[in-house]
file data_11.txt (compact mmCIF, C-alpha atoms)
# COMPACT_ATOMS: atom_id res chain seq x y z
CA MET A 295 78.26 26.55 145.81
CA THR A 296 75.01 27.71 144.19
CA LYS A 297 74.43 26.35 140.69
CA LYS A 298 72.42 27.90 137.91
CA ILE A 299 69.39 25.77 137.04
CA VAL A 300 68.07 26.26 133.52
CA VAL A 301 65.04 25.31 131.45
CA THR A 302 65.98 23.42 128.29
CA GLY A 303 62.67 21.85 127.24
CA ILE A 304 58.95 22.56 127.48
CA GLY A 305 55.84 20.53 126.73
CA ALA A 306 52.12 20.92 127.30
CA THR A 307 48.66 19.74 126.45
CA SER A 308 45.99 22.19 127.51
CA PRO A 309 42.47 23.44 126.79
CA ILE A 310 43.89 25.86 124.21
CA GLY A 311 46.45 23.64 122.49
CA GLY A 312 47.80 20.12 122.16
CA THR A 313 51.44 21.27 122.40
CA ALA A 314 53.43 23.94 124.19
CA GLY A 315 53.74 26.01 121.03
CA ASP A 316 50.08 25.74 120.11
CA SER A 317 49.05 26.66 123.65
CA TRP A 318 51.31 29.73 123.66
CA ASN A 319 50.12 30.91 120.25
CA ALA A 320 46.49 30.50 121.24
CA LEU A 321 47.14 32.40 124.47
CA LEU A 322 48.67 35.31 122.56
CA ALA A 323 45.74 35.25 120.13
CA GLY A 324 43.28 35.66 122.99
CA GLU A 325 41.55 32.32 122.48
CA SER A 326 39.48 30.62 125.17
CA GLY A 327 39.63 26.88 125.82
CA VAL A 328 36.43 26.86 127.85
CA ARG A 329 33.45 25.18 126.20
CA THR A 330 30.08 23.60 126.98
CA LEU A 331 30.47 19.97 128.05
CA GLU A 332 28.81 17.51 125.68
CA GLN A 333 28.99 14.41 127.89
CA GLU A 334 25.68 12.77 128.69
CA TRP A 335 26.38 12.81 132.42
CA VAL A 336 25.94 16.60 132.53
CA ALA A 337 22.19 16.25 131.94
CA LYS A 338 21.93 12.91 133.75
CA TYR A 339 23.06 14.42 137.05
CA GLU A 340 21.51 17.84 136.38
CA LEU A 341 24.82 19.54 137.10
CA PRO A 342 24.52 23.24 137.93
CA VAL A 343 27.69 23.98 135.91
CA THR A 344 27.73 22.68 132.35
CA PHE A 345 31.10 23.83 130.98
CA ALA A 346 34.84 23.44 131.55
CA GLY A 347 38.23 23.68 129.88
CA LYS A 348 38.58 20.21 128.35
CA ALA A 349 41.94 19.40 126.75
CA LYS A 350 41.87 20.54 123.15
CA VAL A 351 43.57 17.35 121.97
CA PRO A 352 42.61 14.12 123.81
CA ALA A 353 45.65 12.24 125.05
CA THR A 354 44.25 9.08 123.48
CA GLU A 355 44.82 10.68 120.07
CA VAL A 356 48.52 11.12 120.85
CA LEU A 357 49.53 8.00 122.80
CA GLU A 358 49.62 4.45 121.48
CA ARG A 359 46.39 2.66 122.36
CA PRO A 360 48.01 -0.08 124.54
CA VAL A 361 49.83 2.59 126.55
CA ALA A 362 46.77 4.79 127.03
CA LYS A 363 44.57 1.87 128.16
CA ARG A 364 46.84 1.22 131.15
CA LEU A 365 46.85 4.83 132.35
CA ASP A 366 44.34 7.14 133.99
CA PRO A 367 43.80 10.34 131.96
CA SER A 368 45.93 12.25 134.49
CA SER A 369 48.86 9.97 133.64
CA GLN A 370 48.08 10.10 129.93
CA PHE A 371 48.35 13.89 129.95
CA ALA A 372 51.56 13.69 131.97
CA LEU A 373 53.20 11.40 129.44
CA VAL A 374 52.12 13.57 126.49
CA ALA A 375 53.59 16.74 128.04
CA ALA A 376 56.76 15.06 129.33
CA LYS A 377 57.53 13.41 125.98
CA GLU A 378 57.21 16.73 124.18
CA ALA A 379 59.40 18.52 126.74
CA PHE A 380 62.12 15.87 126.64
CA ALA A 381 62.19 15.89 122.85
CA ASP A 382 62.27 19.69 122.90
CA ALA A 383 65.30 19.52 125.19
CA GLY A 384 67.07 17.43 122.56
CA SER A 385 66.45 14.10 124.30
CA PRO A 386 69.50 14.55 126.52
CA GLU A 387 71.72 11.54 126.96
CA VAL A 388 72.01 11.24 130.71
CA ASP A 389 72.85 8.43 133.08
CA PRO A 390 69.45 7.07 134.24
CA GLU A 391 70.65 7.38 137.84
CA ARG A 392 71.18 11.12 137.23
CA LEU A 393 67.74 11.69 135.68
CA GLY A 394 64.87 12.55 138.03
CA VAL A 395 61.15 13.19 137.85
CA ASP A 396 59.29 15.70 140.02
CA TRP A 397 55.61 15.47 139.13
CA ALA A 398 52.42 16.76 140.70
CA THR A 399 48.68 16.30 140.73
CA GLY A 400 46.03 17.80 142.94
CA ILE A 401 43.46 15.01 142.77
CA GLY A 402 45.00 12.09 140.89
CA GLY A 403 43.14 9.28 139.16
CA VAL A 404 39.58 10.24 140.00
CA TRP A 405 38.21 8.75 136.76
CA SER A 406 39.86 5.37 137.39
CA LEU A 407 38.65 5.31 140.99
CA LEU A 408 35.03 6.19 140.28
CA ASP A 409 34.76 4.10 137.12
CA ALA A 410 35.93 1.11 139.18
CA TRP A 411 33.33 1.91 141.84
CA ASP A 412 30.60 1.97 139.19
CA THR A 413 31.83 -1.38 137.84
CA LEU A 414 31.84 -2.89 141.33
CA ARG A 415 28.27 -1.77 142.03
CA GLU A 416 26.88 -2.78 138.65
CA LYS A 417 28.87 -5.92 137.75
CA GLY A 418 30.53 -7.18 140.92
CA PRO A 419 34.15 -7.49 142.16
CA ARG A 420 35.30 -9.95 139.49
CA ARG A 421 34.88 -7.28 136.82
CA VAL A 422 37.02 -4.64 138.54
CA MET A 423 40.24 -4.16 136.56
CA PRO A 424 43.43 -5.52 138.20
CA LEU A 425 45.22 -2.27 137.34
CA THR A 426 42.69 -0.07 139.13
CA VAL A 427 44.93 0.86 142.05
CA PRO A 428 48.06 1.52 139.94
CA MET A 429 45.89 3.74 137.74
CA LEU A 430 44.18 5.73 140.47
CA MET A 431 47.10 6.34 142.82
CA PRO A 432 48.32 9.98 142.85
CA ASN A 433 51.91 8.95 142.12
CA ALA A 434 50.88 7.15 138.91
CA PRO A 435 51.73 10.11 136.61
CA SER A 436 55.19 10.43 138.15
CA ALA A 437 55.69 6.67 137.85
CA ALA A 438 54.55 6.67 134.21
CA VAL A 439 56.98 9.46 133.29
CA SER A 440 59.89 7.93 135.20
CA MET A 441 59.38 4.48 133.68
CA HIS A 442 59.03 5.84 130.15
CA PHE A 443 62.35 7.67 130.40
CA GLU A 444 64.02 5.13 132.73
CA ALA A 445 64.65 7.92 135.24
CA ARG A 446 66.19 6.35 138.32
CA ALA A 447 67.56 9.28 140.31
CA TYR A 448 64.16 9.71 141.94
CA ALA A 449 60.46 9.99 141.08
CA ARG A 450 58.67 12.30 143.46
CA THR A 451 54.98 13.20 143.70
CA VAL A 452 53.57 16.40 145.15
CA ALA A 453 49.88 16.75 146.00
CA SER A 454 49.39 20.27 147.35
CA ALA A 455 46.09 21.08 145.64
CA CYS A 456 46.41 23.98 143.20
CA ALA A 457 49.97 24.76 144.32
CA SER A 458 51.16 21.25 143.46
CA SER A 459 53.13 21.61 140.23
CA THR A 460 54.69 24.93 141.22
CA GLU A 461 55.91 23.17 144.33
CA SER A 462 57.28 20.37 142.13
CA LEU A 463 59.35 22.93 140.21
CA ALA A 464 60.66 24.35 143.48
CA ASN A 465 61.53 20.82 144.61
CA ALA A 466 63.29 20.08 141.34
CA TYR A 467 65.38 23.19 141.81
CA GLU A 468 66.45 21.94 145.26
CA HIS A 469 67.24 18.45 143.97
CA LEU A 470 69.43 19.84 141.21
CA GLN A 471 71.14 22.23 143.60
CA SER A 472 71.89 19.40 146.01
CA GLY A 473 73.48 17.29 143.28
CA LEU A 474 70.93 14.46 143.37
CA ALA A 475 70.39 14.70 139.61
CA ASP A 476 71.76 16.39 136.51
CA VAL A 477 68.43 16.56 134.66
CA VAL A 478 64.88 16.61 136.05
CA ILE A 479 61.55 16.37 134.22
CA ALA A 480 59.21 18.46 136.34
CA GLY A 481 55.56 19.35 135.91
CA GLY A 482 52.02 18.48 136.75
CA SER A 483 48.81 17.08 135.33
CA GLU A 484 45.14 16.92 136.14
CA ALA A 485 42.13 15.15 134.64
CA ALA A 486 39.35 15.85 137.13
CA ILE A 487 36.50 17.18 135.00
CA HIS A 488 34.12 14.64 136.49
CA PRO A 489 30.51 14.88 137.76
CA ILE A 490 31.59 14.50 141.40
CA THR A 491 34.21 17.26 141.30
CA ILE A 492 31.97 19.65 139.38
CA ALA A 493 29.11 19.01 141.79
CA SER A 494 31.37 19.42 144.80
CA PHE A 495 33.06 22.64 143.66
CA ALA A 496 29.66 24.02 142.64
CA SER A 497 28.21 23.12 146.03
CA MET A 498 30.85 25.23 147.76
CA GLN A 499 30.03 28.13 145.40
CA ALA A 500 33.53 28.06 143.94
CA LEU A 501 32.67 27.68 140.23
CA SER A 502 31.42 30.25 137.77
CA ARG A 503 27.87 29.53 136.63
CA ARG A 504 27.91 31.36 133.30
CA ASN A 505 26.45 28.39 131.47
CA ASP A 506 25.14 30.68 128.74
CA ASP A 507 28.58 32.10 127.90
CA PRO A 508 31.36 29.64 128.84
CA ALA A 509 34.16 31.34 126.88
CA THR A 510 33.94 34.45 129.05
CA ALA A 511 33.21 32.70 132.36
CA SER A 512 36.77 32.87 133.68
CA ARG A 513 37.29 36.60 134.14
CA PRO A 514 40.03 37.38 136.69
CA TYR A 515 39.93 40.91 138.12
CA ASN A 516 36.58 41.72 136.50
CA THR A 517 34.05 43.34 138.80
CA ASP A 518 31.46 40.62 138.12
CA ARG A 519 33.72 37.57 138.40
CA ASP A 520 31.79 34.74 140.03
CA GLY A 521 34.15 31.78 140.38
CA PHE A 522 36.77 29.67 138.66
CA VAL A 523 36.41 27.35 135.69
CA MET A 524 37.72 23.80 135.79
CA GLY A 525 40.39 22.82 133.28
CA GLU A 526 42.48 19.76 132.49
CA GLY A 527 45.81 18.89 130.90
CA ALA A 528 49.48 18.93 131.77
CA ALA A 529 52.73 20.82 131.34
CA ALA A 530 56.35 19.80 131.77
CA LEU A 531 59.70 21.57 131.99
CA VAL A 532 63.06 19.89 131.53
CA LEU A 533 65.43 21.39 134.08
CA GLU A 534 69.15 20.86 134.39
CA THR A 535 72.25 22.44 135.76
CA GLU A 536 73.68 25.10 133.48
CA GLU A 537 76.97 23.22 133.42
CA HIS A 538 75.27 20.08 132.12
CA ALA A 539 73.21 22.01 129.57
CA LEU A 540 76.18 23.92 128.16
CA ALA A 541 78.32 20.79 128.00
CA ARG A 542 75.84 19.15 125.66
CA GLY A 543 75.14 22.31 123.66
CA ALA A 544 71.50 22.56 124.70
CA LYS A 545 69.33 25.57 123.94
CA ILE A 546 68.31 27.42 127.09
CA TYR A 547 64.95 29.12 127.49
CA ALA A 548 65.54 30.76 130.85
CA GLU A 549 66.99 30.23 134.30
CA LEU A 550 64.86 28.82 137.09
CA ALA A 551 66.31 31.19 139.65
CA GLY A 552 64.47 30.16 142.81
CA GLY A 553 61.36 28.93 144.53
CA GLY A 554 59.41 29.61 147.68
CA VAL A 555 56.99 27.28 149.46
CA THR A 556 54.97 28.23 152.55
CA ALA A 557 51.73 27.38 154.37
CA ASP A 558 48.97 29.67 155.63
CA SER A 559 47.72 27.37 158.40
CA TYR A 560 44.57 29.43 158.21
CA HIS A 561 41.63 27.56 156.61
CA ILE A 562 41.13 24.40 154.54
CA THR A 563 39.69 26.26 151.53
CA ALA A 564 40.15 30.00 152.10
CA ASN A 565 43.54 31.66 151.86
CA ASP A 566 44.78 34.12 154.45
CA PRO A 567 42.99 37.42 153.69
CA GLU A 568 46.13 39.32 154.69
CA GLY A 569 48.18 37.30 152.20
CA ARG A 570 51.01 36.66 154.65
CA GLY A 571 51.87 33.14 153.48
CA ALA A 572 51.61 34.08 149.82
CA ALA A 573 53.80 37.14 150.33
CA ARG A 574 56.38 35.10 152.21
CA ALA A 575 56.52 32.55 149.37
CA MET A 576 57.21 35.36 146.88
CA ARG A 577 59.93 36.79 149.10
CA LEU A 578 61.53 33.37 149.54
CA ALA A 579 61.58 32.78 145.77
CA LEU A 580 63.22 36.15 145.19
CA GLU A 581 65.66 35.60 148.03
CA GLN A 582 66.71 32.27 146.56
CA ALA A 583 67.10 34.02 143.21
CA GLY A 584 69.37 36.61 144.82
CA ALA A 585 66.96 39.30 143.64
CA THR A 586 64.88 42.12 145.05
CA PRO A 587 61.23 42.97 144.31
CA ASP A 588 62.44 45.99 142.32
CA GLU A 589 63.97 43.65 139.72
CA VAL A 590 60.72 41.85 138.86
CA THR A 591 59.48 42.70 135.37
CA HIS A 592 56.49 40.34 135.03
CA ILE A 593 54.05 38.38 137.20
CA ASN A 594 51.92 35.42 136.18
CA ALA A 595 49.28 35.62 138.87
CA HIS A 596 47.30 32.76 140.40
CA ALA A 597 44.15 34.83 139.69
CA THR A 598 41.43 32.18 139.60
CA SER A 599 38.51 34.59 139.01
CA THR A 600 36.99 34.09 142.46
CA PRO A 601 35.65 37.23 144.15
CA VAL A 602 37.79 36.89 147.28
CA GLY A 603 40.86 35.06 145.97
CA ASP A 604 41.84 37.69 143.42
CA ILE A 605 41.72 40.45 146.05
CA ASN A 606 43.70 38.41 148.57
CA GLU A 607 46.46 37.82 146.03
CA TYR A 608 46.56 41.54 145.30
CA THR A 609 46.97 42.18 149.04
CA ALA A 610 49.99 39.83 149.03
CA LEU A 611 51.45 41.50 145.92
CA GLN A 612 51.09 44.90 147.57
CA SER A 613 52.87 43.60 150.65
CA VAL A 614 55.85 42.47 148.57
CA PHE A 615 56.05 45.12 145.86
CA GLY A 616 54.43 48.15 147.46
CA ASP A 617 53.41 50.78 144.91
CA ARG A 618 55.30 48.87 142.19
CA ALA A 619 52.55 46.25 142.29
CA LYS A 620 50.48 48.66 140.19
CA GLU A 621 53.20 49.01 137.54
CA ILE A 622 54.49 45.48 136.85
CA PRO A 623 52.85 43.80 133.82
CA VAL A 624 50.58 41.04 135.15
CA SER A 625 49.03 38.13 133.23
CA ALA A 626 46.12 36.03 134.47
CA THR A 627 46.21 33.15 132.02
CA LYS A 628 43.44 31.10 133.69
CA ALA A 629 41.06 33.41 131.84
CA ALA A 630 41.98 31.44 128.71
CA THR A 631 42.73 27.96 130.04
CA GLY A 632 40.51 27.60 133.07
CA HIS A 633 42.06 26.20 136.24
CA LEU A 634 44.04 22.96 135.81
CA LEU A 635 44.22 22.47 139.60
CA GLY A 636 47.40 20.46 140.27
CA GLY A 637 48.62 21.01 136.71
CA THR A 638 48.05 24.73 136.60
CA GLY A 639 51.36 25.83 138.15
CA ALA A 640 53.46 23.99 135.57
CA LEU A 641 51.41 25.37 132.68
CA GLU A 642 51.68 28.92 134.00
CA ALA A 643 55.39 28.49 134.70
CA MET A 644 55.81 27.47 131.07
CA PHE A 645 53.90 30.57 129.98
CA THR A 646 56.17 32.64 132.24
CA VAL A 647 59.28 31.15 130.65
CA LEU A 648 57.94 31.94 127.18
CA ALA A 649 56.99 35.46 128.28
CA ILE A 650 60.60 36.05 129.30
CA GLN A 651 62.00 34.51 126.14
CA ASN A 652 59.65 36.52 123.91
CA ARG A 653 59.72 39.61 126.15
CA LEU A 654 55.95 39.64 126.01
CA ALA A 655 53.44 39.33 128.85
CA PRO A 656 50.46 37.36 127.46
CA PRO A 657 47.02 38.99 127.44
CA THR A 658 44.30 38.47 130.01
CA ILE A 659 41.05 37.89 128.15
CA ASN A 660 37.53 38.65 129.41
CA LEU A 661 38.65 41.74 131.34
CA VAL A 662 35.89 44.20 130.50
CA SER A 663 35.26 46.01 133.78
CA PRO A 664 38.43 45.96 135.95
CA ASP A 665 37.86 45.79 139.69
CA PRO A 666 38.98 49.17 141.12
CA GLU A 667 40.08 47.35 144.29
CA ILE A 668 42.73 45.51 142.25
CA PRO A 669 44.66 48.27 140.43
CA LEU A 670 47.19 46.10 138.57
CA THR A 671 48.71 46.55 135.12
CA VAL A 672 46.61 43.89 133.38
CA SER A 673 45.75 44.11 129.70
CA SER A 674 43.57 42.35 127.16
CA GLU A 675 46.50 42.82 124.77
CA ALA A 676 49.99 41.34 125.06
CA GLN A 677 52.30 43.70 126.95
CA PRO A 678 55.94 44.24 125.83
CA LEU A 679 58.45 43.60 128.62
CA GLY A 680 61.31 45.70 127.26
CA ASP A 681 64.88 44.93 126.26
CA GLY A 682 66.62 44.70 129.62
CA PRO A 683 67.16 41.69 131.93
CA GLN A 684 63.92 39.91 132.78
CA LEU A 685 62.90 38.46 136.13
CA ALA A 686 59.40 37.00 136.45
CA ILE A 687 57.49 35.12 139.11
CA SER A 688 54.62 32.66 138.80
CA ASN A 689 52.24 32.25 141.76
CA SER A 690 50.16 29.25 142.83
CA PHE A 691 48.00 28.87 145.93
CA GLY A 692 45.97 25.84 146.95
CA PHE A 693 43.35 24.45 149.31
CA GLY A 694 44.92 23.59 152.64
CA GLY A 695 46.85 26.86 152.69
CA HIS A 696 49.60 25.77 150.30
CA ASN A 697 51.57 28.59 148.66
CA ALA A 698 54.24 28.08 146.00
CA VAL A 699 56.09 30.60 143.86
CA VAL A 700 58.86 30.16 141.30
CA ALA A 701 61.11 32.86 139.85
CA PHE A 702 62.58 32.77 136.34
CA ARG A 703 65.36 34.95 134.96
CA SER A 704 66.36 35.59 131.36
CA HIS A 705 69.52 33.69 130.47
CA ASP A 706 72.55 35.48 129.04
call {"tool": "encode", "arguments": {"input": "data_11.txt", "output": "structure tokens"}}
result
Amino acid sequence: MTKKIVVTGIGATSPIGGTAGDSWNALLAGESGVRTLEQEWVAKYELPVTFAGKAKVPATEVLERPVAKRLDPSSQFALVAAKEAFADAGSPEVDPERLGVDWATGIGGVWSLLDAWDTLREKGPRRVMPLTVPMLMPNAPSAAVSMHFEARAYARTVASACASSTESLANAYEHLQSGLADVVIAGGSEAAIHPITIASFASMQALSRRNDDPATASRPYNTDRDGFVMGEGAAALVLETEEHALARGAKIYAELAGGGVTADSYHITANDPEGRGAARAMRLALEQAGATPDEVTHINAHATSTPVGDINEYTALQSVFGDRAKEIPVSATKAATGHLLGGTGALEAMFTVLAIQNRLAPPTINLVSPDPEIPLTVSSEAQPLGDGPQLAISNSFGFGGHNAVVAFRSHD
């Protein structure tokens, strides 16, 4: 028997806000979280890109100092977002063996790894911290969240590049459907604004180089888009079976109606130009939701602001929705937040949930000259979604050919 899986709590720390609410309000206000980097290493290494979407509120200002010191920034962000989401869900009383964690990261503890390498080179092995490996390992954020909440059903880690946290949400849906848990904290985090990642992404010509105007650098669908902008932070959703949520009188934001996960098997960095894997992930999510493309009222697109990627996603949307692809209100929220890599799917899923709840598709900033090859309904102003039933999808695609899509439905 298919169960309804619902969202009862949300949390986030992002480049545009230190909480879910602040991030949503800033998004609606058209704010940008992208700023010039002030760290000394930008000039030291003569980086070709000098800006990014740093978290608006450092996790170290939120967490207790002893806790923060034992965690890589990717785990710090995870704990901040998860704690907010769990509190927002009413801190549900649940048997620890029925509480799970499905967390994601694309890169993991890059700061802990490379800081330890610097220490080794400069001061020798005796000065390397004993906790270096537990801090750098990709499953550290999932472990930190599960230990904080004593979640013992399971603690899973997904590392599927930029599709990671959307895939975690799809996995959480499956775990709840299969009866392995009653409540799952699902999400993703990333803290990879580091000289090596900036240099590497810049070397492959993936990043925007608008050093003179960072706030407008991420410009999905614009004719002169020139690459994505790195971001950092985390987002979390508390998911549970509808039966469990209603029994405890929880507020319900929306229903997580389904998920789709596929692979392109095409290229390590480029997605399939025909969008076949992406389209199949959308169809799978809608199929699991028991819905048709005609029912979709809103799309939060992956839309990274790369010249090729935005067009390829449009090709996939056209494949699924046909002529309706031009009519459905689309939001490209990376224009405001930058690209949180493994954390981006969870943040955009949260925005999708809030769009449904508020019946309002958030604006896409920096869209001045829309690309005529991508004729979507995208607006620099928030778009009303109407009074009827809402069904929205959120897309994420990652290096390695990973595609993940989740579908949310308004809850009666």
call {"tool": "residues_around", "arguments": {"input": "data_11.txt", "residues": "A:Ala511", "least_positions_apart": "2", "cutoff": "9 Å", "atoms": "all atoms listed in the file", "output": "list in words"}}
result
Val328, Ser502, Arg503, Arg504, Asn505, Asp507, Pro508, Ala509, Arg513, Arg519, Asp520, Gly521, Phe522, Val523, Ser599, Ala629, Gly632 and Asn660 of chain A
call {"tool": "write_last_selection", "arguments": {"input": "data_11.txt", "atoms": "C-alpha atoms", "output": "PDB file, in the coordinates of the input"}}
result
ATOM      1  CA  VAL A 328      36.430  26.860 127.850  1.00  0.00           C
ATOM      2  CA  SER A 502      31.420  30.250 137.770  1.00  0.00           C
ATOM      3  CA  ARG A 503      27.870  29.530 136.630  1.00  0.00           C
ATOM      4  CA  ARG A 504      27.910  31.360 133.300  1.00  0.00           C
ATOM      5  CA  ASN A 505      26.450  28.390 131.470  1.00  0.00           C
ATOM      6  CA  ASP A 507      28.580  32.100 127.900  1.00  0.00           C
ATOM      7  CA  PRO A 508      31.360  29.640 128.840  1.00  0.00           C
ATOM      8  CA  ALA A 509      34.160  31.340 126.880  1.00  0.00           C
ATOM      9  CA  ARG A 513      37.290  36.600 134.140  1.00  0.00           C
ATOM     10  CA  ARG A 519      33.720  37.570 138.400  1.00  0.00           C
ATOM     11  CA  ASP A 520      31.790  34.740 140.030  1.00  0.00           C
ATOM     12  CA  GLY A 521      34.150  31.780 140.380  1.00  0.00           C
ATOM     13  CA  PHE A 522      36.770  29.670 138.660  1.00  0.00           C
ATOM     14  CA  VAL A 523      36.410  27.350 135.690  1.00  0.00           C
ATOM     15  CA  SER A 599      38.510  34.590 139.010  1.00  0.00           C
ATOM     16  CA  ALA A 629      41.060  33.410 131.840  1.00  0.00           C
ATOM     17  CA  GLY A 632      40.510  27.600 133.070  1.00  0.00           C
ATOM     18  CA  ASN A 660      37.530  38.650 129.410  1.00  0.00           C
TER      19      ASN A 660
END
call {"tool": "atom_distance", "arguments": {"input": "data_11.txt", "atom1": "atom CA of A:Leu463", "atom2": "atom CA of A:Tyr515"}}
result
26.5 Å
call {"tool": "residues_near_point", "arguments": {"input": "data_11.txt", "point": "(31.0, 45.9, 140.4)", "cutoff": "7 Å", "atoms": "all atoms listed in the file", "output": "list in words"}}
result
Thr517, Asp518 and Asp665 of chain A
call {"tool": "atom_distance", "arguments": {"input": "data_11.txt", "atom1": "atom CA of A:Ser458", "atom2": "atom CA of A:Asp412"}}
result
28.5 Å
call {"tool": "closest_residue", "arguments": {"input": "data_11.txt", "among": "A:Leu661, A:Ala445, A:Val343, A:Ala314", "to": "A:Ser494", "atoms": "all atoms listed in the file"}}
result
A:Val343
call {"tool": "residues_around", "arguments": {"input": "data_11.txt", "residues": "A:Ala564", "least_positions_apart": "2", "cutoff": "10 Å", "atoms": "all atoms listed in the file", "output": "ChimeraX atom specification"}}
result
/A:558,560-562,566-567,602-603,606,692-695
call {"tool": "closest_atom_pairs", "arguments": {"input": "data_11.txt", "of": "stretch 443-497 of chain A", "to": "stretch 638-659 of chain A", "cutoff": "9 Å", "atoms": "only C-alpha atoms", "output": "JSON lines"}}
result
{"residue": "A:Cys456", "atom": "CA", "partner": "A:Thr638", "partner_atom": "CA", "distance": 6.8}
{"residue": "A:Ala457", "atom": "CA", "partner": "A:Gly639", "partner_atom": "CA", "distance": 6.4}
{"residue": "A:Ser458", "atom": "CA", "partner": "A:Gly639", "partner_atom": "CA", "distance": 7.0}
{"residue": "A:Ser459", "atom": "CA", "partner": "A:Gly639", "partner_atom": "CA", "distance": 5.0}
{"residue": "A:Thr460", "atom": "CA", "partner": "A:Gly639", "partner_atom": "CA", "distance": 4.6}
{"residue": "A:Glu461", "atom": "CA", "partner": "A:Gly639", "partner_atom": "CA", "distance": 8.1}
{"residue": "A:Ser462", "atom": "CA", "partner": "A:Ala640", "partner_atom": "CA", "distance": 8.4}
{"residue": "A:Leu463", "atom": "CA", "partner": "A:Ala640", "partner_atom": "CA", "distance": 7.6}
{"residue": "A:Ala480", "atom": "CA", "partner": "A:Ala640", "partner_atom": "CA", "distance": 8.0}
{"residue": "A:Gly481", "atom": "CA", "partner": "A:Ala640", "partner_atom": "CA", "distance": 5.1}
{"residue": "A:Gly482", "atom": "CA", "partner": "A:Ala640", "partner_atom": "CA", "distance": 5.8}
{"residue": "A:Ser483", "atom": "CA", "partner": "A:Thr638", "partner_atom": "CA", "distance": 7.8}
{"residue": "A:Glu484", "atom": "CA", "partner": "A:Thr638", "partner_atom": "CA", "distance": 8.3}
call {"tool": "decode", "arguments": {"input": "data_11.txt", "residues": "stretch 359-372 of chain A", "atoms": "C-alpha atoms", "output": "compact mmCIF listing (two decimals), in the first residue's frame"}}
result
# COMPACT_ATOMS: atom_id res chain seq x y z
CA ARG A 359 32.13 26.50 20.04
CA PRO A 360 33.10 22.97 21.29
CA VAL A 361 30.67 21.43 18.80
CA ALA A 362 31.83 23.53 15.85
CA LYS A 363 35.52 22.82 16.51
CA ARG A 364 34.98 19.08 15.99
CA LEU A 365 33.16 19.47 12.67
CA ASP A 366 34.14 20.44 9.15
CA PRO A 367 32.12 23.42 7.86
CA SER A 368 30.04 21.04 5.72
CA SER A 369 28.93 19.25 8.90
CA GLN A 370 28.46 22.53 10.75
CA PHE A 371 26.02 23.74 8.10
CA ALA A 372 24.23 20.39 8.17
